[in-house]
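**Student:** I am sharing input23.cif, which consists of mmCIF, C-alpha atoms:
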data_structure
#
loop_
_atom_site.label_atom_id
_atom_site.label_comp_id
_atom_site.auth_asym_id
_atom_site.auth_seq_id
_atom_site.Cartn_x
_atom_site.Cartn_y
_atom_site.Cartn_z
CA MET S 1 0.00 0.00 0.00
CA GLY S 2 2.66 2.48 1.01
CA ILE S 3 2.85 5.97 2.44
CA GLY S 4 0.28 8.21 0.80
CA SER S 5 -2.19 5.42 0.08
CA PHE S 6 -5.78 5.80 1.22
CA ALA S 7 -5.33 3.07 3.87
CA TYR S 8 -2.16 4.65 5.23
CA ASN S 9 -3.73 8.11 5.41
CA LEU S 10 -6.85 6.71 7.08
CA VAL S 11 -4.76 4.98 9.75
CA LEU S 12 -2.67 8.15 10.15
CA LEU S 13 -5.88 10.12 10.70
CA LEU S 14 -7.03 7.61 13.33
CA HIS S 15 -3.60 7.67 14.99
CA ILE S 16 -3.58 11.47 15.28
CA LEU S 17 -7.26 11.67 16.25
CA SER S 18 -6.75 9.07 18.98
CA ALA S 19 -3.78 11.03 20.31
CA ILE S 20 -5.76 14.27 20.36
CA ILE S 21 -8.75 12.74 22.14
CA GLY S 22 -6.69 10.55 24.47
CA PHE S 23 -3.88 12.82 25.56
CA GLY S 24 -5.91 15.99 25.07
CA GLY S 25 -8.54 14.54 27.38
CA THR S 26 -5.99 14.36 30.20
CA LEU S 27 -3.69 17.33 29.68
CA LEU S 28 -5.83 19.79 31.63
CA ASN S 29 -6.54 17.51 34.60
CA GLY S 30 -4.47 19.78 36.85
CA VAL S 31 -6.68 22.74 35.92
CA TYR S 32 -9.79 20.76 36.86
CA ALA S 33 -8.17 19.69 40.14
CA SER S 34 -7.23 23.26 40.98
CA ARG S 35 -10.76 24.46 40.27
CA ALA S 36 -12.27 21.58 42.29
CA ARG S 37 -10.21 22.65 45.34
CA GLN S 38 -11.68 26.16 45.14
CA LEU S 39 -15.29 24.96 45.19
CA PRO S 40 -17.48 23.77 48.06
CA ALA S 41 -16.91 20.07 48.82
CA GLU S 42 -19.97 18.77 46.93
CA GLN S 43 -19.20 20.80 43.81
CA GLY S 44 -15.51 19.98 43.97
CA LEU S 45 -16.36 16.28 44.17
CA ALA S 46 -18.62 16.59 41.13
CA VAL S 47 -15.84 18.24 39.11
CA THR S 48 -13.36 15.58 40.21
CA GLU S 49 -15.71 12.69 39.43
CA VAL S 50 -16.55 13.99 35.95
CA ASN S 51 -12.90 14.67 35.18
CA THR S 52 -11.89 11.23 36.45
CA PHE S 53 -14.60 9.56 34.38
CA VAL S 54 -13.49 11.35 31.20
CA SER S 55 -9.82 10.61 31.86
CA LEU S 56 -10.09 6.98 32.93
CA ARG S 57 -13.06 5.77 30.90
CA ILE S 58 -12.89 7.73 27.65
CA ALA S 59 -9.45 9.29 27.13
CA GLU S 60 -7.67 6.15 28.34
CA VAL S 61 -9.30 4.03 25.61
CA PHE S 62 -7.97 6.40 22.95
CA ILE S 63 -4.53 6.44 24.60
CA TYR S 64 -4.47 2.64 24.19
CA LEU S 65 -5.44 3.01 20.51
CA VAL S 66 -2.56 5.37 19.68
CA PRO S 67 0.17 2.69 19.43
CA ILE S 68 -2.16 0.27 17.69
CA TRP S 69 -2.69 2.78 14.86
CA GLY S 70 1.04 3.55 14.97
CA PHE S 71 1.88 -0.12 14.47
CA GLY S 72 -0.56 -0.12 11.56
CA LEU S 73 1.29 2.82 10.02
CA ILE S 74 4.57 0.93 10.23
CA GLY S 75 2.98 -2.08 8.57
CA LEU S 76 1.35 -0.01 5.83
CA SER S 77 4.52 1.97 5.06
CA ASP S 78 5.97 -0.82 2.88
CA GLY S 79 9.28 -0.69 4.72
CA VAL S 80 9.70 3.09 4.63
CA ILE S 81 9.22 3.14 8.40
CA GLY S 82 10.97 0.33 10.29
CA TRP S 83 10.84 -1.01 13.83
CA GLY S 84 14.58 -0.44 14.21
CA GLU S 85 14.43 3.29 13.61
CA THR S 86 15.45 5.22 16.71
CA TRP S 87 12.36 7.39 16.82
CA VAL S 88 10.07 4.35 16.52
CA TRP S 89 11.53 2.14 19.23
CA LEU S 90 12.24 5.08 21.52
CA SER S 91 8.65 6.33 21.15
CA ILE S 92 7.32 2.87 21.95
CA THR S 93 9.59 2.59 24.98
CA ILE S 94 8.66 6.01 26.37
CA TYR S 95 4.97 5.31 25.75
CA ALA S 96 5.19 1.97 27.59
CA LEU S 97 7.05 3.48 30.55
CA ALA S 98 4.58 6.37 30.75
CA LEU S 99 1.67 3.95 30.61
CA LEU S 100 3.13 1.94 33.50
CA LEU S 101 3.69 5.14 35.49
CA SER S 102 0.09 6.15 34.90
CA LEU S 103 -1.36 2.75 35.79
CA PHE S 104 0.73 2.02 38.87
CA ALA S 105 1.62 5.44 40.31
CA LEU S 106 -0.89 8.04 39.11
CA GLN S 107 -4.19 6.19 38.94
CA PRO S 108 -4.08 4.62 42.44
CA ARG S 109 -3.48 8.09 43.88
CA VAL S 110 -6.30 9.59 41.84
CA HIS S 111 -8.68 6.84 43.02
CA ARG S 112 -7.63 7.48 46.63
CA MET S 113 -8.16 11.23 46.17
CA VAL S 114 -11.71 10.66 44.88
CA ALA S 115 -12.44 8.32 47.79
CA LEU S 116 -11.22 10.93 50.28
CA GLN S 117 -13.38 13.60 48.63
CA ARG S 118 -16.40 11.30 48.86
CA GLU S 119 -15.68 10.74 52.57
CA MET S 120 -15.50 14.49 53.13
CA VAL S 121 -18.84 15.08 51.43
CA ALA S 122 -20.49 12.17 53.25
CA SER S 123 -19.28 13.32 56.68
CA GLY S 124 -20.43 16.91 56.17
CA PRO S 125 -18.64 20.06 57.21
CA PRO S 126 -16.15 19.62 60.07
CA ALA S 127 -17.04 20.96 63.51
CA GLY S 128 -13.84 22.93 63.82
CA GLY S 129 -10.74 23.07 61.72
CA PRO S 130 -10.04 21.26 58.49
CA PRO S 131 -11.59 17.86 57.82
CA PRO S 132 -9.37 14.88 58.64
CA GLN S 133 -9.14 13.98 54.93
CA ALA S 134 -7.62 17.36 54.03
CA ALA S 135 -4.03 16.47 55.00
CA ALA S 136 -4.14 13.19 53.07
CA MET S 137 -5.57 14.94 50.03
CA GLU S 138 -2.86 17.60 50.23
CA ALA S 139 -0.16 14.92 50.37
CA LEU S 140 -1.68 13.07 47.41
CA GLY S 141 -1.88 16.30 45.41
CA LYS S 142 1.84 16.85 46.00
CA GLN S 143 2.51 13.38 44.58
CA ILE S 144 0.08 13.58 41.67
CA GLY S 145 1.47 16.88 40.36
CA PRO S 146 5.02 15.66 39.63
CA ILE S 147 3.79 12.33 38.25
CA SER S 148 1.48 14.21 35.88
CA GLY S 149 4.36 16.47 34.90
CA VAL S 150 6.50 13.48 33.93
CA LEU S 151 3.62 12.03 31.92
CA HIS S 152 3.04 15.33 30.10
CA LEU S 153 6.75 15.66 29.35
CA SER S 154 6.87 12.11 28.01
CA MET S 155 4.00 12.90 25.65
CA VAL S 156 5.83 15.99 24.36
CA VAL S 157 9.04 13.98 23.85
CA VAL S 158 7.19 11.26 21.90
CA LEU S 159 5.44 13.92 19.82
CA ALA S 160 8.80 15.58 19.05
CA LEU S 161 10.29 12.20 18.09
CA MET S 162 7.44 11.59 15.67
CA ILE S 163 7.72 15.03 14.10
CA TRP S 164 11.52 15.17 13.68
CA GLN S 165 12.14 11.40 13.41
CA PRO S 166 15.81 11.44 14.47
#
Output the file's structure in the form of structure tokens.
**Tutor:**
Amino acid sequence: MGIGSFAYNLVLLLHILSAIIGFGGTLLNGVYASRARQLPAEQGLAVTEVNTFVSLRIAEVFIYLVPIWGFGLIGLSDGVIGWGETWVWLSITIYALALLLSLFALQPRVHRMVALQREMVASGPPAGGPPPQAAAMEALGKQIGPISGVLHLSMVVVLALMIWQP
């Protein structure tokens, strides 16, 4: 089929569209989290739950599709793009490491954060002082931020590798 064929261009479209929906659906999570912290507990929980649903139920599916379409592009390129090219194997490696970081470091913390927010809402406003969940949520936020930063940086590095193809 080759580069420039209808099949190749269709798979390229799906590859790029999946990346936009998948990674785009998660890139502003920190903005949502910041806004959720500024709202009353019930409203903040609603923002967090919607954002978590979009990130972990919709965007994540498209993030998984990105390499599948990428593998299809390699196969449809008739040897123009090879598995041994630095930008290909390095992109795959960075993607896999980022995926593991997301699954085993970020997502458990996000799930715990949502659970703590639900506890806060269920227990009502504290009698005096901050709710007991506040300190744990603060600590989780300090962990989630850097993890998210590494994931965002990895996405930019993979994108640069695919554009410049060193």
**Student:** I'd like the residues picked by the PyMOL selection byres ((chain S and resi 95) around 12) written out as a PyMOL selection string, using the chain letters and numbers from the file.
**Tutor:** chain S and resi 19+23+63-68+70+87-94+96-102+150-159+161
**Student:** Translate the PyMOL selection byres ((chain S and resi 77) around 8), as applied to the file shown, into an explicit residue set as a list in words.
**Tutor:**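 So the PyMOL selection byres ((chain S and resi 77) around 8) ends up selecting Met1, Gly2, Ile3, Tyr8, Leu73, Ile74, Gly75, Leu76, Asp78, Gly79, Val80 and Ile81 of chain S.
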**Student:** Might you pull out every residue within 9 Å of S:Thr48, with all atoms listed in the file counted and same-chain residues fewer than 5 positions away left off, and present them as a VMD selection string?
**Tutor:** chain S and resid 32 to 33 36 43 53 114 117
**Student:** Can you tell me, as a compact mmCIF listing (two decimals) with C-alpha atoms, keeping the file's coordinate frame, what residues are no more than 10 Å from stretch 38-41 of chain S when counting only C-alpha atoms, ignoring any on the same chain fewer than 2 positions away?
**Tutor:**
# COMPACT_ATOMS: atom_id res chain seq x y z
CA ALA S 33 -8.17 19.69 40.14
CA SER S 34 -7.23 23.26 40.98
CA ARG S 35 -10.76 24.46 40.27
CA ALA S 36 -12.27 21.58 42.29
CA GLN S 43 -19.20 20.80 43.81
CA GLY S 44 -15.51 19.98 43.97
CA LEU S 45 -16.36 16.28 44.17
CA ALA S 46 -18.62 16.59 41.13
CA VAL S 47 -15.84 18.24 39.11
CA GLN S 117 -13.38 13.60 48.63
CA ARG S 118 -16.40 11.30 48.86
CA MET S 120 -15.50 14.49 53.13
CA VAL S 121 -18.84 15.08 51.43
CA ALA S 122 -20.49 12.17 53.25
CA GLY S 124 -20.43 16.91 56.17
CA PRO S 125 -18.64 20.06 57.21
**Student:** Point out the residue among S:Ser18, S:Thr26, S:Ser5, S:Thr86 with the least atom-to-atom distance to S:Trp164, counting all atoms listed in the file.
**Tutor:** S:Thr86
**Student:** Atom CA of S:Phe71 to atom CA of S:Phe104: how many Å, to one decimal?
**Tutor:**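 For atom CA of S:Phe71 relative to atom CA of S:Phe104, the distance reads 24.5 Å.
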